[in-house]
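The structure appears below as structure tokens.
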Number of protein chains: 2
Amino acid sequence: MKTELIVKPLNAKDFAPYGDVIEVTPEKKHFTINDGFSERYHDLAAIDTLKNNGRTLLNIFRSTPLPLPIALKMMERHPLSSQAFMPLGVEPYLVVVAPSGEFNENAIEVFLASHKQGVNYHAGTWHHYCLALNKVSDFLVIDRGDPKFSNKTEKNCDVIKLDGSKVIRL
Amino acid sequence: MKTELIVKPLNAKDFAPYGDVIEVTPEKKHFTINDGFSERYHDLAAIDTLKNNGRTLLNIFRSTPLPLPIALKMMERHPLSSQAFMPLGVEPYLVVVAPSGEFNENAIEVFLASHKQGVNYHAGTWHHYCLALNKVSDFLVIDRGDPKFSNKTEKNCDVIKLDGSKVIRL
């Protein structure tokens, strides 16, 4: 049986169990710098990339939209690190998450994010991979790499397959 | 005497002494992920934020353009860390740098960056603060914070004043 998932606008309160919403709002800590020419919205996401001698990576993901409607076929999590996505274009995108711990298909939540909103998944949060909408879009991504001068590679991505019964329409 | 500075298009080769250019180009290491729906342009900047127990901060700077022409009045450097800027809007911006070490006013270089290009200043690179052009613009900034649960604050910004004799016209 197909179940249609509810799509909610992304907001910090509802997303708090999963991670941080990266955006400029009056409530964020901010202060004026650079002789008055810049406002610094400070420390907007808990970057957590150092477990097991990891290091912080900065990347760009170029994401192609999936055809709509989207029947979810997978979710993933990064047990060792956070992963932040910030849109570099002007299109909205979808954020699909489920609570960390044992995966529960019935706890999946779907958020519609504007191009002014990034997300930072906390370590362990189940999430779908990046779901661009409307056209191919770039995202700045902050995540974890293994130590640069080490042969050790840590497994930092668990993937679970879904049967496509959970569907997103827009 | 006023000296007009030459403005060059930002490119990785000329910027290499100062830091990384964050952009998607065919030469960057990249690979396909997410069932073919994303291309990962991998590890585009050397994030260096951990000296003296620092931690990685993610911030948004909202920058107001200076009036043109710009007579340079300052440069700064962060001895303990890199600092990355990625434009979140669609306007170009200026990048003003000088080599690390003893400051040399005659070694200042000016680059015009497109909104598809970020920069990551390496620790110690002298640079002007963020110079948005045309309109107020947001930048995602990755830099260093002091340890979260420490009273110790490290001085990580040296500022030098200039007399305004170096001028940028566009």
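Please note that chains go A, B, ... in the order of the structure tokens, that every chain numbers its residues from 1, and that ligands are numbered from 1 in the order shown.
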Quick one: everything within 8 Å of region 39-49 of chain A, counting only C-alpha atoms, minus sequence neighbours fewer than 4 positions away in the same chain. Send it as a ChimeraX atom specification. /A:20-24,28-33,54-56,80-84,120,122-123,142-145 /B:56-63
Write out as a PyMOL selection string each polymer residue whose atoms come within 12 Å of Val95 (chain A), counting only C-alpha atoms; drop sequence neighbours fewer than 6 positions from it. chain A and resi 6-11+15+18-19+21+75+84-86+108-114+117-121+125-133+168
Can you tell me which residues surround region 151-165 of chain B at a distance of at most 7 Å, considering only C-alpha atoms, apart from same-chain residues fewer than 5 positions away, and format the answer as a PDB file with all heavy atoms, in the first residue's frame?
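And here is the file that came out, around_17.pdb:
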```
ATOM      1  N   MET B   1      50.392  59.545  -2.754  1.00  0.00           N
ATOM      2  CA  MET B   1      50.055  59.261  -4.149  1.00  0.00           C
ATOM      3  C   MET B   1      49.133  58.054  -4.219  1.00  0.00           C
ATOM      4  O   MET B   1      49.397  57.035  -3.593  1.00  0.00           O
ATOM      5  CB  MET B   1      51.334  58.968  -4.958  1.00  0.00           C
ATOM      6  CG  MET B   1      51.176  59.180  -6.446  1.00  0.00           C
ATOM      7  SD  MET B   1      52.641  58.599  -7.369  1.00  0.00           S
ATOM      8  CE  MET B   1      52.552  56.820  -7.161  1.00  0.00           C
ATOM      9  N   LYS B   2      48.073  58.194  -4.977  1.00  0.00           N
ATOM     10  CA  LYS B   2      47.119  57.096  -5.132  1.00  0.00           C
ATOM     11  C   LYS B   2      47.638  56.126  -6.194  1.00  0.00           C
ATOM     12  O   LYS B   2      48.128  56.557  -7.245  1.00  0.00           O
ATOM     13  CB  LYS B   2      45.763  57.630  -5.591  1.00  0.00           C
ATOM     14  CG  LYS B   2      45.156  58.649  -4.632  1.00  0.00           C
ATOM     15  CD  LYS B   2      44.132  57.995  -3.736  1.00  0.00           C
ATOM     16  CE  LYS B   2      43.418  59.060  -2.895  1.00  0.00           C
ATOM     17  NZ  LYS B   2      42.695  58.493  -1.768  1.00  0.00           N
ATOM     18  N   THR B   3      47.514  54.844  -5.915  1.00  0.00           N
ATOM     19  CA  THR B   3      47.851  53.830  -6.907  1.00  0.00           C
ATOM     20  C   THR B   3      46.614  52.998  -7.192  1.00  0.00           C
ATOM     21  O   THR B   3      45.972  52.501  -6.260  1.00  0.00           O
ATOM     22  CB  THR B   3      48.946  52.871  -6.378  1.00  0.00           C
ATOM     23  OG1 THR B   3      50.017  53.643  -5.877  1.00  0.00           O
ATOM     24  CG2 THR B   3      49.419  51.928  -7.465  1.00  0.00           C
ATOM     25  N   ALA B  71      39.105  52.813  -1.534  1.00  0.00           N
ATOM     26  CA  ALA B  71      40.461  53.133  -1.063  1.00  0.00           C
ATOM     27  C   ALA B  71      40.732  52.238   0.141  1.00  0.00           C
ATOM     28  O   ALA B  71      40.063  52.355   1.170  1.00  0.00           O
ATOM     29  CB  ALA B  71      40.547  54.603  -0.683  1.00  0.00           C
ATOM     30  N   LEU B  72      41.693  51.355   0.007  1.00  0.00           N
ATOM     31  CA  LEU B  72      41.891  50.334   1.049  1.00  0.00           C
ATOM     32  C   LEU B  72      42.381  50.960   2.350  1.00  0.00           C
ATOM     33  O   LEU B  72      43.394  51.666   2.369  1.00  0.00           O
ATOM     34  CB  LEU B  72      42.877  49.270   0.578  1.00  0.00           C
ATOM     35  CG  LEU B  72      42.452  48.453  -0.644  1.00  0.00           C
ATOM     36  CD1 LEU B  72      43.548  47.440  -1.010  1.00  0.00           C
ATOM     37  CD2 LEU B  72      41.131  47.733  -0.398  1.00  0.00           C
ATOM     38  N   LYS B  73      41.686  50.658   3.432  1.00  0.00           N
ATOM     39  CA  LYS B  73      42.011  51.218   4.743  1.00  0.00           C
ATOM     40  C   LYS B  73      42.500  50.180   5.732  1.00  0.00           C
ATOM     41  O   LYS B  73      42.885  50.532   6.852  1.00  0.00           O
ATOM     42  CB  LYS B  73      40.767  51.909   5.328  1.00  0.00           C
ATOM     43  CG  LYS B  73      40.289  53.129   4.540  1.00  0.00           C
ATOM     44  CD  LYS B  73      41.240  54.285   4.685  1.00  0.00           C
ATOM     45  CE  LYS B  73      40.796  55.544   3.957  1.00  0.00           C
ATOM     46  NZ  LYS B  73      39.500  56.068   4.403  1.00  0.00           N
ATOM     47  N   MET B  74      42.428  48.917   5.361  1.00  0.00           N
ATOM     48  CA  MET B  74      42.830  47.870   6.311  1.00  0.00           C
ATOM     49  C   MET B  74      43.125  46.570   5.585  1.00  0.00           C
ATOM     50  O   MET B  74      42.717  46.361   4.441  1.00  0.00           O
ATOM     51  CB  MET B  74      41.730  47.621   7.348  1.00  0.00           C
ATOM     52  CG  MET B  74      40.417  47.081   6.803  1.00  0.00           C
ATOM     53  SD  MET B  74      40.349  45.272   6.499  1.00  0.00           S
ATOM     54  CE  MET B  74      40.319  44.668   8.181  1.00  0.00           C
ATOM     55  N   MET B  75      43.859  45.705   6.253  1.00  0.00           N
ATOM     56  CA  MET B  75      43.970  44.293   5.874  1.00  0.00           C
ATOM     57  C   MET B  75      44.016  43.528   7.197  1.00  0.00           C
ATOM     58  O   MET B  75      44.369  44.079   8.239  1.00  0.00           O
ATOM     59  CB  MET B  75      45.233  44.020   5.056  1.00  0.00           C
ATOM     60  CG  MET B  75      45.257  44.685   3.690  1.00  0.00           C
ATOM     61  SD  MET B  75      44.241  43.868   2.432  1.00  0.00           S
ATOM     62  CE  MET B  75      45.409  42.628   1.819  1.00  0.00           C
ATOM     63  N   GLU B  76      43.659  42.253   7.128  1.00  0.00           N
ATOM     64  CA  GLU B  76      43.704  41.441   8.338  1.00  0.00           C
ATOM     65  C   GLU B  76      44.221  40.043   8.005  1.00  0.00           C
ATOM     66  O   GLU B  76      44.311  39.662   6.830  1.00  0.00           O
ATOM     67  CB  GLU B  76      42.320  41.353   8.993  1.00  0.00           C
ATOM     68  CG  GLU B  76      41.283  40.605   8.162  1.00  0.00           C
ATOM     69  CD  GLU B  76      39.896  40.606   8.818  1.00  0.00           C
ATOM     70  OE1 GLU B  76      39.501  41.629   9.388  1.00  0.00           O
ATOM     71  OE2 GLU B  76      39.224  39.563   8.727  1.00  0.00           O
ATOM     72  N   ARG B  77      44.588  39.313   9.067  1.00  0.00           N
ATOM     73  CA  ARG B  77      44.980  37.906   8.876  1.00  0.00           C
ATOM     74  C   ARG B  77      44.571  37.122  10.110  1.00  0.00           C
ATOM     75  O   ARG B  77      44.467  37.675  11.211  1.00  0.00           O
ATOM     76  CB  ARG B  77      46.486  37.779   8.633  1.00  0.00           C
ATOM     77  CG  ARG B  77      47.317  38.153   9.831  1.00  0.00           C
ATOM     78  CD  ARG B  77      48.815  37.895   9.596  1.00  0.00           C
ATOM     79  NE  ARG B  77      49.580  38.416  10.734  1.00  0.00           N
ATOM     80  CZ  ARG B  77      50.905  38.439  10.795  1.00  0.00           C
ATOM     81  NH1 ARG B  77      51.642  37.982   9.787  1.00  0.00           N
ATOM     82  NH2 ARG B  77      51.514  38.915  11.867  1.00  0.00           N
ATOM     83  N   HIS B  78      44.365  35.817   9.888  1.00  0.00           N
ATOM     84  CA  HIS B  78      44.030  34.916  10.985  1.00  0.00           C
ATOM     85  C   HIS B  78      45.187  33.926  11.137  1.00  0.00           C
ATOM     86  O   HIS B  78      45.294  32.975  10.360  1.00  0.00           O
ATOM     87  CB  HIS B  78      42.718  34.201  10.693  1.00  0.00           C
ATOM     88  CG  HIS B  78      41.608  35.151  10.338  1.00  0.00           C
ATOM     89  ND1 HIS B  78      41.191  36.143  11.200  1.00  0.00           N
ATOM     90  CD2 HIS B  78      40.879  35.312   9.214  1.00  0.00           C
ATOM     91  CE1 HIS B  78      40.243  36.858  10.622  1.00  0.00           C
ATOM     92  NE2 HIS B  78      40.031  36.371   9.413  1.00  0.00           N
ATOM     93  N   PRO B  79      46.053  34.174  12.109  1.00  0.00           N
ATOM     94  CA  PRO B  79      47.262  33.338  12.205  1.00  0.00           C
ATOM     95  C   PRO B  79      46.975  31.890  12.560  1.00  0.00           C
ATOM     96  O   PRO B  79      47.762  31.000  12.218  1.00  0.00           O
ATOM     97  CB  PRO B  79      48.087  34.028  13.303  1.00  0.00           C
ATOM     98  CG  PRO B  79      47.138  34.918  14.033  1.00  0.00           C
ATOM     99  CD  PRO B  79      46.054  35.286  13.080  1.00  0.00           C
ATOM    100  N   LEU B  80      45.826  31.638  13.203  1.00  0.00           N
ATOM    101  CA  LEU B  80      45.564  30.290  13.712  1.00  0.00           C
ATOM    102  C   LEU B  80      44.695  29.441  12.804  1.00  0.00           C
ATOM    103  O   LEU B  80      44.472  28.278  13.095  1.00  0.00           O
ATOM    104  CB  LEU B  80      44.872  30.375  15.077  1.00  0.00           C
ATOM    105  CG  LEU B  80      45.682  30.927  16.240  1.00  0.00           C
ATOM    106  CD1 LEU B  80      44.812  31.008  17.480  1.00  0.00           C
ATOM    107  CD2 LEU B  80      46.893  30.029  16.512  1.00  0.00           C
ATOM    108  N   ASP B 146      36.933  29.291  19.319  1.00  0.00           N
ATOM    109  CA  ASP B 146      37.621  28.732  20.478  1.00  0.00           C
ATOM    110  C   ASP B 146      36.834  27.519  20.966  1.00  0.00           C
ATOM    111  O   ASP B 146      35.667  27.350  20.617  1.00  0.00           O
ATOM    112  CB  ASP B 146      37.707  29.800  21.574  1.00  0.00           C
ATOM    113  CG  ASP B 146      38.560  30.976  21.136  1.00  0.00           C
ATOM    114  OD1 ASP B 146      39.705  30.743  20.724  1.00  0.00           O
ATOM    115  OD2 ASP B 146      38.076  32.120  21.196  1.00  0.00           O
TER     116      ASP B 146
END
```
Separation of CA of Val141 (chain B) from CA of Val97 (chain A) in Å: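 Interatomic distance here is 25.5 Å.
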Measure the distance from CA of Leu5 (chain B) to CA of Val167 (chain B) in Å and round it to one decimal.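 Going from CA of Leu5 (chain B) over to CA of Val167 (chain B) covers 5.9 Å.
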Residue list (alpha helix (DSSP H), DSSP) for chain A, as a list in words: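 Checking each residue of chain A, the alpha helix (DSSP H) ones are Ala12, Lys13, Asp14 and Phe15 of chain A.
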Write to file, as an mmCIF file, in the first residue's frame, the residues of the selection just made, with N, CA and C atoms.
```cif
data_model
loop_
_atom_site.group_PDB
_atom_site.id
_atom_site.type_symbol
_atom_site.label_atom_id
_atom_site.label_comp_id
_atom_site.auth_asym_id
_atom_site.auth_seq_id
_atom_site.Cartn_x
_atom_site.Cartn_y
_atom_site.Cartn_z
ATOM 1 N N ALA A 12 13.219 25.470 12.251
ATOM 2 C CA ALA A 12 14.219 25.017 13.225
ATOM 3 C C ALA A 12 13.602 24.155 14.322
ATOM 4 N N LYS A 13 12.388 24.520 14.763
ATOM 5 C CA LYS A 13 11.782 23.803 15.894
ATOM 6 C C LYS A 13 11.469 22.347 15.516
ATOM 7 N N ASP A 14 10.801 22.163 14.391
ATOM 8 C CA ASP A 14 10.439 20.799 13.999
ATOM 9 C C ASP A 14 11.654 19.980 13.571
ATOM 10 N N PHE A 15 12.699 20.673 13.108
ATOM 11 C CA PHE A 15 13.879 19.950 12.621
ATOM 12 C C PHE A 15 14.881 19.652 13.745
#
```
Minimum-distance residue to chain B, chosen among A:Pro17, A:Gly89, A:Pro69, A:Gly101 (using only C-alpha atoms):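 The answer is A:Gly89, which sits nearest to chain B.
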Gap from CA of Ser137 (chain A) to CA of Leu170 (chain A) - Å, one decimal: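 Interatomic distance, CA of Ser137 (chain A) to CA of Leu170 (chain A): 18.1 Å.
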Between B:Thr64, B:Asn134, B:Thr25, B:Asn52, which residue has the minimum interatomic distance to chain A, considering only C-alpha atoms?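 Of all the options, B:Thr64 lies closest to chain A.
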List every residue of region 8-167 of chain B that DSSP, applied to the backbone of this structure, assigns to strand (DSSP E or B), and report them as a ChimeraX atom specification. /B:8-9,19-22,30-33,38-41,55-63,70-71,74-77,83-87,93-98,109-113,118-121,126-127,131-132,137-145,158-161,166-167
